[in-house]
Every structure is written in C-alpha cells, then in structure tokens.
There are 2 protein chains.
Amino acid sequence: MPLESVPNVSEGRDAVVIDAIGAALAGRATLLDVHADVDHNRAVFTLVGQEQELVDALLDGIAVARKRIDLRSQVGAHPRIGAADVVPIVPLRPEDMERARSTALELGRRIGQELGLPVFLYGELAPGRGPAFFRRGGPEELQRRIDAGDVVPDFGPMQLDPAAGGVIVGARRPLIALNVNLADANVEAAREIAAVIRERGGGFPGVRALGLDLEQAGHAQVSMNVEDWEASALHEIVAAIEREAAARGVAVAGAELVGLMPAGAAAAVAGAALGIAGFDASHLLELRLLDGG
Amino acid sequence: MPLESVPNVSEGRDAVVIDAIGAALAGRATLLDVHADVDHNRAVFTLVGQEQELVDALLDGIAVARKRIDLRSQVGAHPRIGAADVVPIVPLRPEDMERARSTALELGRRIGQELGLPVFLYGELAPGRGPAFFRRGGPEELQRRIDAGDVVPDFGPMQLDPAAGGVIVGARRPLIALNVNLADANVEAAREIAAVIRERGGGFPGVRALGLDLEQAGHAQVSMNVEDWEASALHEIVAAIEREAAARGVAVAGAELVGLMPAGAAAAVAGAALGIAGFDASHLLELRLLDGG
C-alpha cells in the first residue's frame with residue numbers, strides 16, 4: 001500500500017509554474033489530482049508512492065516551488081509561510097501511520113539539509129501544532145517568533161528564505177478539504193460562520209475553518225479542513241453552514257472539494273441523504289470487488 | 001474484469017436454505033453479498049466471476065434452490081415464477097455487455113438441459129421483456145400462457161416444474177435495487193406512489209416500482225429497481241417518494257439497499273447533498289488509487 005502526500009504550494013494562478021511543480025512531483029511518484037485556486041493563490045497536489053519515491057518526488061517538487069515562487073510578490077486569500085507551504089504525509093490505512101511519521105521525518109530532514117529551507121514539524125510529529133500555529137501573522141511574524149526563541153525550526157536554518165519562506169511538514173490522518181461558497185461577497189458572514197462551525201469555536205470536532213474573501217470569484221467562502229468525517233459528517237457541516245448563512249441573510253451557492261474524498265465519507269453522505277441506515281463504503285460495488293473479487 | 005450475477009431466489013426466511021444456496025454459489029465464484037428479506041421471502045446474491053466459473057457456480061446454486069424451495073408452499077410479498085426466480089448476468093463495464101449476453105445464453109441453455117427447468121430470456125436477450133412480463137399472475141398464469149402459445153420457453157421443457165417453476169435469465173446493465181419504507185402499513189399509498197414514480201406511469205426513466213405490504217416488518221414499502229442512476233438520480237427519486245407520501249399523509253421511515261451500489265451512484269447522491277458540482281466517482285480516493293496508483 002502506498003502512502004499519500006498532499007503538498008500545498010503558494011501558486012494558484014500561473015499554470016506554467018503549477019505544471020512545472022506537478023511534472024516534478026510526477027517524475028518519481030504517481031500524481032492523482034491537482035487542484036488550483038486563483039483566489040487562494042494556492043495549488044493542492046495529491047500524490048501517492050512508496051516511502052522512498054514519495055520523498056524523492058516531494059523534494060523535486062519542493063525544489064521547483066522554491067525556485068519559481070516568491071512570497072514577497074505572492075498575494076492570496078489563503079494564509080501561508082512557504083512557497084511549498086505545507087507537506088503532509090498521509091497513511092491510507094490507519095496501520096500505516098508509523099510509516100507516514102518516519103517518511104515525514106526523513107522528508108523534513110532532507111528539505112533542511114538539501115534545500116536549505118527551515119522545516120517546521122506539525123501534526124503527529126508535533127502534537128497540538130497545526131499549520132495555523134505557524135501561519136498566523138505570516139512569514140514576518142514567524143521570523144520574529146523564531147528570533148525570540150518561541151519557535152525553533154526542526155530542520156534547516158534559523159532564517160526563513162526571503163523568497164520561499166519555510167516548509168511545514170508532518171504526518172496526519174486523511175482529511176477532507178471542503179470549501180462552501182456563499183452567494184455574495186459577505187466575508188464578515190463567512191468569518192462568523194467559520195467561527196461558529198469549527199471545533200475551536202465549539203462547533204464540529206476536527207473541523208478547522210476560515211472565512212475568506214474570493215475577489216476573482218466575487219464571493220466569500222467558508223474554507224474547511226474536516227479531519228474526521230466519522231466524527232463530523234459532511235452533510236451535517238454543510239447543513240449547519242446553510243443554517244448559519246440563512247440566519248445572516250446570505251445564501252449558500254455551492255461547495256467545492258479540494259483534492260479527493262475517501263469513499264467512506266461520500267458513502268456516509270449518500271446513506272444519510274437516502275435514509276439508508278448503515279450504508280457505508282462496503283456497499284459500493286467497486287470497493288467490494290477489490291476486497292473480494 | 002469479472003462479470004457479475006445477481007441471482008434472486010424465492011426464499012428469504014430459512015437461513016439454512018439461504019446458506020446452502022450461498023455455499024453452492026460461492027464454490028466456484030466469489031460471493032460478495034447476500035441480502036435476504038423475510039417479507040419478500042426472497043434472497044438476492046451478488047456474485048462475480050469469469051464466464052465459465054460464473055455459469056458453473058450459478059448452475060450449482062440454482063440446483064440447490066430447485067431442490068430446497070417449493071413454490072406451492074412459498075408465500076411472500078414479492079412476485080415470482082421460480083425457486084431461482086431471476087438470474088441476470090451483468091457487465092461491470094459497458095464494453096462487457098456482449099460477454100454478459102453470451103454468458104447468459106450459455107447459462108440458460110445449461111439450465112434447460114441439465115436442470116430440466118424452463119428458461120425465459122429477458123433484458124438484452126429479449127428486448128422489451130422484463131421479469132414482470134413473466135411474473136404477472138404467478139406460475140399458474142404463466143403456465144396458462146405457455147399452454148396458449150403466448151409464451152414459449154427459450155430452453156427446457158414446456159412445463160413449469162410444480163415445485164421450482166421456471167427461471168428468468170438474461171443480461172442487463174447494472175441496476176440499483178432500492179426499497180423505501182413507509183412509516184405505516186398503508187399499502188394502498190405505497191402502490192399509488194409506485195405507480196406515480198415508475199417509468200410506466202410517466203415517472204422516472206428506468207425506474208420500476210411496486211407497492212408491497214410487509215407484514216412482519218409491519219409497514220408498506222415502495223420496492224424499486226433503478227436501471228439508470230445517471231438518468232434518474234436516487235436522491236431525486238427518494239425526494240419524490242417523500243413528497244408523494246406526505247401528500248397522502250404518510251411518512252417515509254427510511255430506505256434499504258438490496259445488494260450493492262455502483263460507486264458513481266453514491267457519489268452523485270453525495271455531490272448533490274453537499275452541493276459539489278461535477279462530483280463523481282473519480283473524486284473518490286480509493287477508486288483513483290486503483291486507476292492511477
């Protein structure tokens with residue numbers, strides 16, 4: 001069973017750069033999906049491979065991101081501290097978490113050593129620290145915290161690269177990146193809704209959410225990571241956003257998936273929508289064929 | 001790629017008989033699912049295998065059904081004309097339909113020859129004829145139509161077996177068998193709703209539906225085959241049933257899947273429920289892994 005990685009890079013507009021990073025990633029591993037967003041100014045790649053090929057592919061892709069992206073001129077709705085901003089290693093089976101941890105550690109060590117970028121561990125390798133811990137205030141604030149001794153890079157130099165920043169590296173369980181678009185540009189409403197539904201605000205367990213203003217798209221967005229779709233069902237989250245939006249006089253225009261979704265999460269939504277108790281991924285023909293056929 | 005078969009047998013109560021049929025089917029092919037219903041008095045097996053193993057497995061299973069089920073004492077909510085009532089061969093990819101057709105023909109020929117049961121072809125092998133064409137009025141009426149020359153078995157004798165009846169055999173595209181349960185025993189409402197939503201009544205394309213009275217379960221049911229989930233989305237069918245039920249003062253208690261569901265059908269429901277435009281099975285991680293990983 002391969003491991004997955006979902007590198008997020010801070011370029012969502014220049015197709016030439018996005019393609020170059022994708023080509024570098026795809027050289028040694030299998031690139032399953034690319035999702036670029038103009039307003040976020042961010043691209044999310046979904047990559048699978050065995051440990052060594054995954055690390056090699058990620059180093060190649062991060063090297064291209066480092067060369068082609070300059071944070072000093074990069075402006076986007078999504079917070080970031082690096083050209084290659086966050087690079088999680090994801091086990092596709094729960095029992096592969098230890099492999100994901102050691103792969104992420106090896107990746108972080110080599111980014112520091114070979115690319116000379118500061119690396120910040122998060123997730124399973126630094127419990128309690130998510131990407132947001134490093135991103136708040138942007139690269140300048142992160143450098144200030146490093147200089148003050150509040151944050152210490154786990155690998156690489158003590159100085160963020162002026163153009164490429166640093167890289168947040170970790171191992172984490174699969175998550176679902178789901179954005180819900182409001183029908184208008186009411187970013188205040190999006191921020192309020194995000195604050196209500198996320199775990200930190202007493203909302204859904206394992207849900208992280210931001211309210212963003214998408215200028216090109218012309219509307220506001222509740223941008224989410226759903227870390228545990230069994231604890232927090234997607235349809236219940238979307239329904240809650242619709243209720244909160246309605247309470248603020250705003251309509252929901254639709255949702256958008258970034259990357260891919262575990263079949264079990266889609267099956268759970270389908271089962272709830274159809275009223276089929278106990279419906280899960282084991283009732284999907286293609287998956288059953290895999291197991292049994 | 002294997003072919004699928006979904007034999008439906010007229011025994012949903014006696015676990016010993018159901019297990020014996022399942023064991024016979026599983027001897028030479030791969031049994032993925034068994035769904036038995038007490039009120040329907042019917043069991044639906046989902047089986048996959050290559051042509052020859054599938055035919056051999058089905059002959060073994062049908063032989064056990066023939067020996068263990070006696071239609072003269074069998075009573076259930078679901079119409080039937082055979083112990084092994086209907087045996088479809090299903091291509092898992094559209095391009096395998098010709099393989100499914102020839103496999104079904106070979107199966108029909110051998111049922112007639114080796115088991116001595118009359119075989120009636122349907123679906124792709126007898127366009128315009130569905131199982132309902134043979135079942136209306138039950139075995140007695142079917143025998144009368146045979147005697148009158150209105151129906152001629154495609155293989156086997158001209159006489160239905162007194163205990164085991166005949167076998168309806170064919171090739172067909174994958175379908176979804178979905179039952180929606182009403183909250184009470186209002187079978188009249190179930191029949192009216194079935195009449196409104198099925199294709200024959202001007203409802204959803206490719207939807208066949210019956211209103212049934214489930215005595216053990218204590219409620220009525222709209223029992224459906226959805227032959228084309230791309231033409232008739234499951235959530236729209238269920239929503240229509242809910243509306244029709246509400247208009248008759250009846251609530252919907254939930255739904256039940258018989259057998260397995262193609263991942264694309266579940267993804268379509270999930271995408272609609274979440275408001276993700278264009279969401280389909282290619283966005284499911286496990287399936288993408290299969291294709292690309």
# chains A, B, ... in the order shown; residues from 1 in each chain; ligands from 1
$ closest_atom_pairs --of "segment 173-234 of chain B" --to "segment 266-275 of chain A" --cutoff "10 Å" --atoms "only C-alpha atoms" --output "JSON lines"
{"residue": "B:Leu178", "atom": "CA", "partner": "A:Leu274", "partner_atom": "CA", "distance": 9.6}
{"residue": "B:Val180", "atom": "CA", "partner": "A:Gly275", "partner_atom": "CA", "distance": 8.6}
{"residue": "B:Asn181", "atom": "CA", "partner": "A:Gly275", "partner_atom": "CA", "distance": 9.7}
{"residue": "B:Leu234", "atom": "CA", "partner": "A:Leu274", "partner_atom": "CA", "distance": 7.4}
$ interface_residues --of "chain A" --to "chain B" --cutoff "9 Å" --atoms "only C-alpha atoms" --output "number ranges by chain"
A: 2, 29-33, 47-49, 92, 180, 234-235, 238-239, 253-257, 259-271, 273-277, 279, 281-293
$ atom_distance --atom1 "atom CA of Met224 of chain A" --atom2 "atom CA of Leu210 of chain A"
6.5 Å
$ select_by_dssp --residues "segment 194-291 of chain A" --states "helix (DSSP H, G or I)" --output "ChimeraX atom specification"
/A:194-197,199-201,234-247,263-274,281-283,285-291
$ calpha_fit_and_write --fixed "chain B" --moving "chain A" --output "CSV table (one decimal) with C-alpha atoms, in the first residue's frame"
chain,number,residue,atom,x,y,z
A,1,MET,CA,-12.6,-8.0,-15.4
A,2,PRO,CA,-15.1,-10.5,-14.0
A,3,LEU,CA,-18.8,-10.5,-14.8
A,4,GLU,CA,-21.4,-10.1,-12.1
A,5,SER,CA,-24.5,-12.1,-11.5
A,6,VAL,CA,-27.3,-11.2,-9.1
A,7,PRO,CA,-29.5,-14.4,-8.7
A,8,ASN,CA,-32.8,-13.8,-6.9
A,9,VAL,CA,-34.2,-16.9,-5.1
A,10,SER,CA,-37.6,-17.3,-3.6
A,11,GLU,CA,-36.5,-18.0,0.0
A,12,GLY,CA,-35.9,-15.2,2.5
A,13,ARG,CA,-36.8,-16.9,5.8
A,14,ASP,CA,-35.0,-20.2,6.2
A,15,ALA,CA,-31.4,-19.3,6.9
A,16,VAL,CA,-30.3,-23.0,6.4
A,17,VAL,CA,-31.6,-22.9,2.8
A,18,ILE,CA,-30.2,-19.5,2.1
A,19,ASP,CA,-26.8,-20.5,3.4
A,20,ALA,CA,-26.9,-23.7,1.4
A,21,ILE,CA,-27.6,-21.8,-1.8
A,22,GLY,CA,-24.9,-19.2,-0.9
A,23,ALA,CA,-22.4,-22.0,-0.3
A,24,ALA,CA,-23.2,-23.6,-3.7
A,25,LEU,CA,-22.8,-20.3,-5.4
A,26,ALA,CA,-19.5,-19.5,-3.6
A,27,GLY,CA,-18.0,-22.8,-4.5
A,28,ARG,CA,-16.8,-21.7,-7.9
A,29,ALA,CA,-17.2,-17.9,-8.0
A,30,THR,CA,-16.9,-15.1,-5.5
A,31,LEU,CA,-19.9,-14.3,-3.4
A,32,LEU,CA,-19.8,-10.6,-2.5
A,33,ASP,CA,-23.1,-10.0,-0.8
A,34,VAL,CA,-26.3,-11.8,0.4
A,35,HIS,CA,-29.5,-9.8,1.2
A,36,ALA,CA,-32.5,-11.8,2.5
A,37,ASP,CA,-35.9,-10.3,3.3
A,38,VAL,CA,-38.4,-12.1,5.4
A,39,ASP,CA,-41.5,-10.3,4.0
A,40,HIS,CA,-40.3,-10.5,0.4
A,41,ASN,CA,-39.4,-14.1,1.2
A,42,ARG,CA,-36.6,-13.7,-1.2
A,43,ALA,CA,-32.8,-13.6,-1.1
A,44,VAL,CA,-30.6,-11.7,-3.5
A,45,PHE,CA,-27.0,-12.9,-4.0
A,46,THR,CA,-24.2,-10.8,-5.6
A,47,LEU,CA,-21.6,-12.9,-7.3
A,48,VAL,CA,-18.7,-12.2,-9.5
A,49,GLY,CA,-16.5,-14.5,-11.6
A,50,GLN,CA,-15.2,-15.2,-15.1
A,51,GLU,CA,-17.7,-16.6,-17.6
A,52,GLN,CA,-17.2,-20.3,-17.0
A,53,GLU,CA,-16.9,-20.2,-13.3
A,54,LEU,CA,-19.9,-17.9,-13.1
A,55,VAL,CA,-22.1,-20.3,-15.1
A,56,ASP,CA,-20.8,-23.3,-13.1
A,57,ALA,CA,-21.5,-21.5,-9.8
A,58,LEU,CA,-25.0,-20.4,-10.9
A,59,LEU,CA,-25.9,-23.9,-12.0
A,60,ASP,CA,-24.8,-25.3,-8.6
A,61,GLY,CA,-26.8,-22.6,-6.7
A,62,ILE,CA,-29.9,-23.0,-8.9
A,63,ALA,CA,-29.7,-26.7,-8.4
A,64,VAL,CA,-29.9,-26.2,-4.6
A,65,ALA,CA,-32.7,-23.7,-4.9
A,66,ARG,CA,-34.6,-26.1,-7.1
A,67,LYS,CA,-34.2,-28.9,-4.6
A,68,ARG,CA,-34.9,-26.9,-1.4
A,69,ILE,CA,-37.7,-24.4,-2.4
A,70,ASP,CA,-41.3,-25.5,-3.1
A,71,LEU,CA,-43.3,-22.7,-4.7
A,72,ARG,CA,-46.5,-24.4,-3.7
A,73,SER,CA,-45.9,-23.6,-0.1
A,74,GLN,CA,-43.9,-20.4,-0.6
A,75,VAL,CA,-45.7,-17.1,0.2
A,76,GLY,CA,-44.1,-13.7,0.0
A,77,ALA,CA,-44.7,-10.1,-0.9
A,78,HIS,CA,-42.5,-10.3,-4.0
A,79,PRO,CA,-44.0,-11.7,-7.2
A,80,ARG,CA,-42.0,-14.7,-8.6
A,81,ILE,CA,-42.4,-17.7,-11.0
A,82,GLY,CA,-39.4,-19.7,-9.9
A,83,ALA,CA,-37.4,-21.1,-6.9
A,84,ALA,CA,-34.5,-19.5,-8.7
A,85,ASP,CA,-36.7,-16.7,-10.0
A,86,VAL,CA,-34.4,-14.4,-12.0
A,87,VAL,CA,-30.7,-14.7,-12.8
A,88,PRO,CA,-29.2,-11.7,-14.6
A,89,ILE,CA,-25.7,-11.6,-15.9
A,90,VAL,CA,-24.3,-8.1,-15.5
A,91,PRO,CA,-21.4,-6.5,-17.2
A,92,LEU,CA,-19.3,-4.4,-14.8
A,93,ARG,CA,-18.0,-2.3,-17.7
A,94,PRO,CA,-20.3,-1.3,-20.6
A,95,GLU,CA,-17.9,-2.9,-23.0
A,96,ASP,CA,-18.5,-6.3,-21.4
A,97,MET,CA,-22.2,-6.5,-22.4
A,98,GLU,CA,-21.5,-8.9,-25.3
A,99,ARG,CA,-19.7,-11.2,-22.8
A,100,ALA,CA,-22.7,-11.0,-20.5
A,101,ARG,CA,-25.1,-11.8,-23.3
A,102,SER,CA,-23.2,-14.9,-24.4
A,103,THR,CA,-22.7,-16.0,-20.7
A,104,ALA,CA,-26.4,-15.6,-20.0
A,105,LEU,CA,-27.3,-17.6,-23.2
A,106,GLU,CA,-24.9,-20.4,-22.1
A,107,LEU,CA,-26.4,-20.4,-18.6
A,108,GLY,CA,-30.0,-20.6,-20.0
A,109,ARG,CA,-29.1,-23.4,-22.3
A,110,ARG,CA,-27.5,-25.4,-19.5
A,111,ILE,CA,-30.4,-24.7,-17.0
A,112,GLY,CA,-32.8,-26.1,-19.6
A,113,GLN,CA,-30.6,-29.1,-20.5
A,114,GLU,CA,-29.0,-30.1,-17.2
A,115,LEU,CA,-31.7,-29.0,-14.6
A,116,GLY,CA,-34.7,-29.6,-16.8
A,117,LEU,CA,-36.3,-26.2,-15.9
A,118,PRO,CA,-38.0,-24.0,-18.5
A,119,VAL,CA,-35.9,-20.9,-19.1
A,120,PHE,CA,-37.3,-17.5,-20.2
A,121,LEU,CA,-34.9,-14.9,-21.6
A,122,TYR,CA,-35.3,-11.3,-20.8
A,123,GLY,CA,-33.5,-8.0,-20.9
A,124,GLU,CA,-30.7,-7.7,-23.6
A,125,LEU,CA,-31.6,-11.2,-24.8
A,126,ALA,CA,-35.3,-10.4,-25.3
A,127,PRO,CA,-35.7,-6.6,-25.7
A,128,GLY,CA,-38.9,-5.3,-24.2
A,129,ARG,CA,-39.3,-8.2,-21.9
A,130,GLY,CA,-38.6,-7.7,-18.2
A,131,PRO,CA,-39.2,-10.1,-15.4
A,132,ALA,CA,-42.6,-8.6,-14.7
A,133,PHE,CA,-43.7,-9.8,-18.2
A,134,PHE,CA,-43.4,-13.4,-17.0
A,135,ARG,CA,-44.4,-12.9,-13.4
A,136,ARG,CA,-47.8,-11.3,-13.7
A,137,GLY,CA,-50.4,-13.8,-12.4
A,138,GLY,CA,-47.7,-16.1,-11.0
A,139,PRO,CA,-46.7,-19.6,-12.2
A,140,GLU,CA,-50.3,-20.7,-12.9
A,141,GLU,CA,-50.9,-17.8,-15.3
A,142,LEU,CA,-47.5,-18.3,-16.9
A,143,GLN,CA,-48.3,-22.0,-17.5
A,144,ARG,CA,-51.7,-20.9,-19.0
A,145,ARG,CA,-49.9,-18.5,-21.4
A,146,ILE,CA,-47.4,-21.2,-22.4
A,147,ASP,CA,-50.2,-23.7,-23.0
A,148,ALA,CA,-52.0,-21.0,-25.1
A,149,GLY,CA,-48.8,-20.4,-27.1
A,150,ASP,CA,-48.5,-16.8,-26.0
A,151,VAL,CA,-45.2,-17.5,-24.2
A,152,VAL,CA,-42.6,-20.1,-25.3
A,153,PRO,CA,-39.7,-21.1,-23.0
A,154,ASP,CA,-36.4,-20.4,-24.7
A,155,PHE,CA,-34.8,-23.5,-23.2
A,156,GLY,CA,-36.0,-26.6,-21.3
A,157,PRO,CA,-39.5,-28.1,-21.2
A,158,MET,CA,-42.8,-26.5,-21.9
A,159,GLN,CA,-44.0,-27.4,-18.4
A,160,LEU,CA,-43.1,-25.3,-15.3
A,161,ASP,CA,-41.7,-27.5,-12.6
A,162,PRO,CA,-44.5,-27.9,-10.0
A,163,ALA,CA,-42.1,-27.1,-7.1
A,164,ALA,CA,-39.4,-25.0,-8.7
A,165,GLY,CA,-41.3,-23.2,-11.5
A,166,GLY,CA,-39.0,-21.7,-14.2
A,167,VAL,CA,-36.0,-19.4,-14.4
A,168,ILE,CA,-35.9,-16.0,-15.9
A,169,VAL,CA,-32.4,-15.5,-17.4
A,170,GLY,CA,-30.9,-12.5,-19.1
A,171,ALA,CA,-28.2,-10.0,-19.4
A,172,ARG,CA,-28.7,-6.4,-18.2
A,173,ARG,CA,-26.9,-3.3,-17.2
A,174,PRO,CA,-26.1,-2.8,-13.5
A,175,LEU,CA,-29.2,-1.7,-11.6
A,176,ILE,CA,-29.8,-0.5,-8.1
A,177,ALA,CA,-32.4,-2.2,-6.0
A,178,LEU,CA,-33.7,0.3,-3.5
A,179,ASN,CA,-36.7,-0.1,-1.2
A,180,VAL,CA,-38.2,2.9,0.5
A,181,ASN,CA,-40.2,2.0,3.7
A,182,LEU,CA,-43.3,3.9,4.7
A,183,ALA,CA,-43.8,4.6,8.4
A,184,ASP,CA,-47.1,2.6,8.5
A,185,ALA,CA,-48.9,-0.3,6.8
A,186,ASN,CA,-50.7,1.8,4.2
A,187,VAL,CA,-50.0,-0.4,1.2
A,188,GLU,CA,-52.5,1.5,-0.9
A,189,ALA,CA,-50.4,4.6,-0.5
A,190,ALA,CA,-47.3,2.5,-1.4
A,191,ARG,CA,-49.0,1.2,-4.6
A,192,GLU,CA,-50.1,4.7,-5.6
A,193,ILE,CA,-46.7,6.1,-5.0
A,194,ALA,CA,-45.1,3.3,-7.0
A,195,ALA,CA,-47.5,4.0,-9.8
A,196,VAL,CA,-46.6,7.6,-9.9
A,197,ILE,CA,-42.8,7.4,-9.8
A,198,ARG,CA,-42.2,4.5,-12.1
A,199,GLU,CA,-41.4,5.0,-15.8
A,200,ARG,CA,-44.5,3.1,-16.8
A,201,GLY,CA,-46.6,5.7,-15.0
A,202,GLY,CA,-44.8,8.7,-16.5
A,203,GLY,CA,-42.3,8.9,-13.7
A,204,PHE,CA,-38.6,8.4,-13.6
A,205,PRO,CA,-36.9,6.9,-16.7
A,206,GLY,CA,-35.7,3.3,-16.0
A,207,VAL,CA,-37.4,3.0,-12.7
A,208,ARG,CA,-39.6,0.0,-12.0
A,209,ALA,CA,-41.6,0.1,-8.7
A,210,LEU,CA,-44.1,-1.9,-6.8
A,211,GLY,CA,-46.0,-1.1,-3.6
A,212,LEU,CA,-45.7,-4.0,-1.2
A,213,ASP,CA,-47.2,-4.9,2.2
A,214,LEU,CA,-44.5,-6.1,4.6
A,215,GLU,CA,-46.4,-8.0,7.3
A,216,GLN,CA,-43.6,-9.0,9.5
A,217,ALA,CA,-42.0,-5.6,9.3
A,218,GLY,CA,-45.4,-4.0,9.9
A,219,HIS,CA,-45.2,-1.4,7.2
A,220,ALA,CA,-45.7,-0.8,3.5
A,221,GLN,CA,-42.8,-0.4,1.0
A,222,VAL,CA,-42.1,1.1,-2.3
A,223,SER,CA,-39.8,-1.6,-3.8
A,224,MET,CA,-37.8,-0.3,-6.8
A,225,ASN,CA,-35.3,-1.2,-9.5
A,226,VAL,CA,-33.4,1.8,-10.7
A,227,GLU,CA,-31.9,0.8,-14.1
A,228,ASP,CA,-30.1,4.0,-14.9
A,229,TRP,CA,-28.9,6.1,-12.0
A,230,GLU,CA,-27.5,8.7,-14.4
A,231,ALA,CA,-30.9,9.3,-15.9
A,232,SER,CA,-32.8,9.1,-12.6
A,233,ALA,CA,-30.8,10.2,-9.6
A,234,LEU,CA,-31.5,8.3,-6.4
A,235,HIS,CA,-31.9,11.3,-4.2
A,236,GLU,CA,-34.5,12.8,-6.6
A,237,ILE,CA,-36.5,9.5,-6.6
A,238,VAL,CA,-36.4,9.4,-2.8
A,239,ALA,CA,-37.4,13.0,-2.6
A,240,ALA,CA,-40.3,12.4,-4.9
A,241,ILE,CA,-41.4,9.4,-2.8
A,242,GLU,CA,-41.3,11.6,0.3
A,243,ARG,CA,-43.4,14.3,-1.4
A,244,GLU,CA,-45.9,11.7,-2.7
A,245,ALA,CA,-46.1,10.1,0.7
A,246,ALA,CA,-46.6,13.4,2.5
A,247,ALA,CA,-49.4,14.3,0.1
A,248,ARG,CA,-51.1,11.0,1.3
A,249,GLY,CA,-50.5,11.8,4.9
A,250,VAL,CA,-47.8,9.1,5.3
A,251,ALA,CA,-44.2,9.5,6.5
A,252,VAL,CA,-41.2,7.8,5.0
A,253,ALA,CA,-39.3,5.7,7.6
A,254,GLY,CA,-36.1,5.1,5.6
A,255,ALA,CA,-34.6,3.2,2.7
A,256,GLU,CA,-32.9,-0.1,2.2
A,257,LEU,CA,-30.4,-1.1,-0.4
A,258,VAL,CA,-30.6,-4.7,-1.8
A,259,GLY,CA,-27.2,-5.8,-2.8
A,260,LEU,CA,-24.5,-3.3,-3.7
A,261,MET,CA,-24.5,0.2,-5.3
A,262,PRO,CA,-22.1,1.4,-8.0
A,263,ALA,CA,-19.8,4.0,-6.5
A,264,GLY,CA,-20.8,6.5,-9.1
A,265,ALA,CA,-24.4,6.4,-7.9
A,266,ALA,CA,-23.4,7.1,-4.3
A,267,ALA,CA,-21.0,9.8,-5.4
A,268,ALA,CA,-23.8,11.5,-7.4
A,269,VAL,CA,-26.0,11.5,-4.3
A,270,ALA,CA,-23.2,12.8,-2.1
A,271,GLY,CA,-22.4,15.6,-4.6
A,272,ALA,CA,-26.0,16.7,-4.8
A,273,ALA,CA,-26.4,16.6,-1.0
A,274,LEU,CA,-23.2,18.7,-0.5
A,275,GLY,CA,-23.8,21.0,-3.5
A,276,ILE,CA,-20.5,20.0,-5.2
A,277,ALA,CA,-21.0,20.4,-8.9
A,278,GLY,CA,-19.4,17.7,-11.0
A,279,PHE,CA,-18.6,15.4,-8.1
A,280,ASP,CA,-18.4,11.9,-9.3
A,281,ALA,CA,-16.6,8.6,-8.6
A,282,SER,CA,-13.3,9.9,-10.0
A,283,HIS,CA,-13.1,12.1,-6.8
A,284,LEU,CA,-13.2,9.1,-4.5
A,285,LEU,CA,-9.6,8.4,-3.3
A,286,GLU,CA,-9.8,4.6,-3.3
A,287,LEU,CA,-11.1,4.5,-6.9
A,288,ARG,CA,-8.5,7.0,-8.1
A,289,LEU,CA,-5.8,4.9,-6.4
A,290,LEU,CA,-7.0,1.9,-8.4
A,291,ASP,CA,-6.8,3.8,-11.7
A,292,GLY,CA,-3.6,5.7,-11.0
A,293,GLY,CA,-1.7,4.3,-8.1
$ select_by_dssp --residues "segment 95-200 of chain B" --states "strand (DSSP E)" --output "NGL selection string"
:B and (119-123 or 167-171 or 176-182)
$ write_last_selection --atoms "C-alpha atoms" --output "compact mmCIF listing (two decimals), in the first residue's frame"
# COMPACT_ATOMS: atom_id res chain seq x y z
CA VAL B 119 -35.92 -20.85 -19.08
CA PHE B 120 -37.30 -17.48 -20.17
CA LEU B 121 -34.89 -14.94 -21.60
CA TYR B 122 -35.32 -11.26 -20.78
CA GLY B 123 -33.49 -7.95 -20.94
CA VAL B 167 -36.01 -19.42 -14.37
CA ILE B 168 -35.90 -15.96 -15.93
CA VAL B 169 -32.39 -15.48 -17.35
CA GLY B 170 -30.88 -12.52 -19.10
CA ALA B 171 -28.17 -9.93 -19.43
CA ILE B 176 -29.79 -0.46 -8.11
CA ALA B 177 -32.41 -2.23 -6.03
CA LEU B 178 -33.66 0.30 -3.53
CA ASN B 179 -36.66 -0.06 -1.25
CA VAL B 180 -38.24 2.87 0.52
CA ASN B 181 -40.20 2.02 3.65
CA LEU B 182 -43.29 3.90 4.69
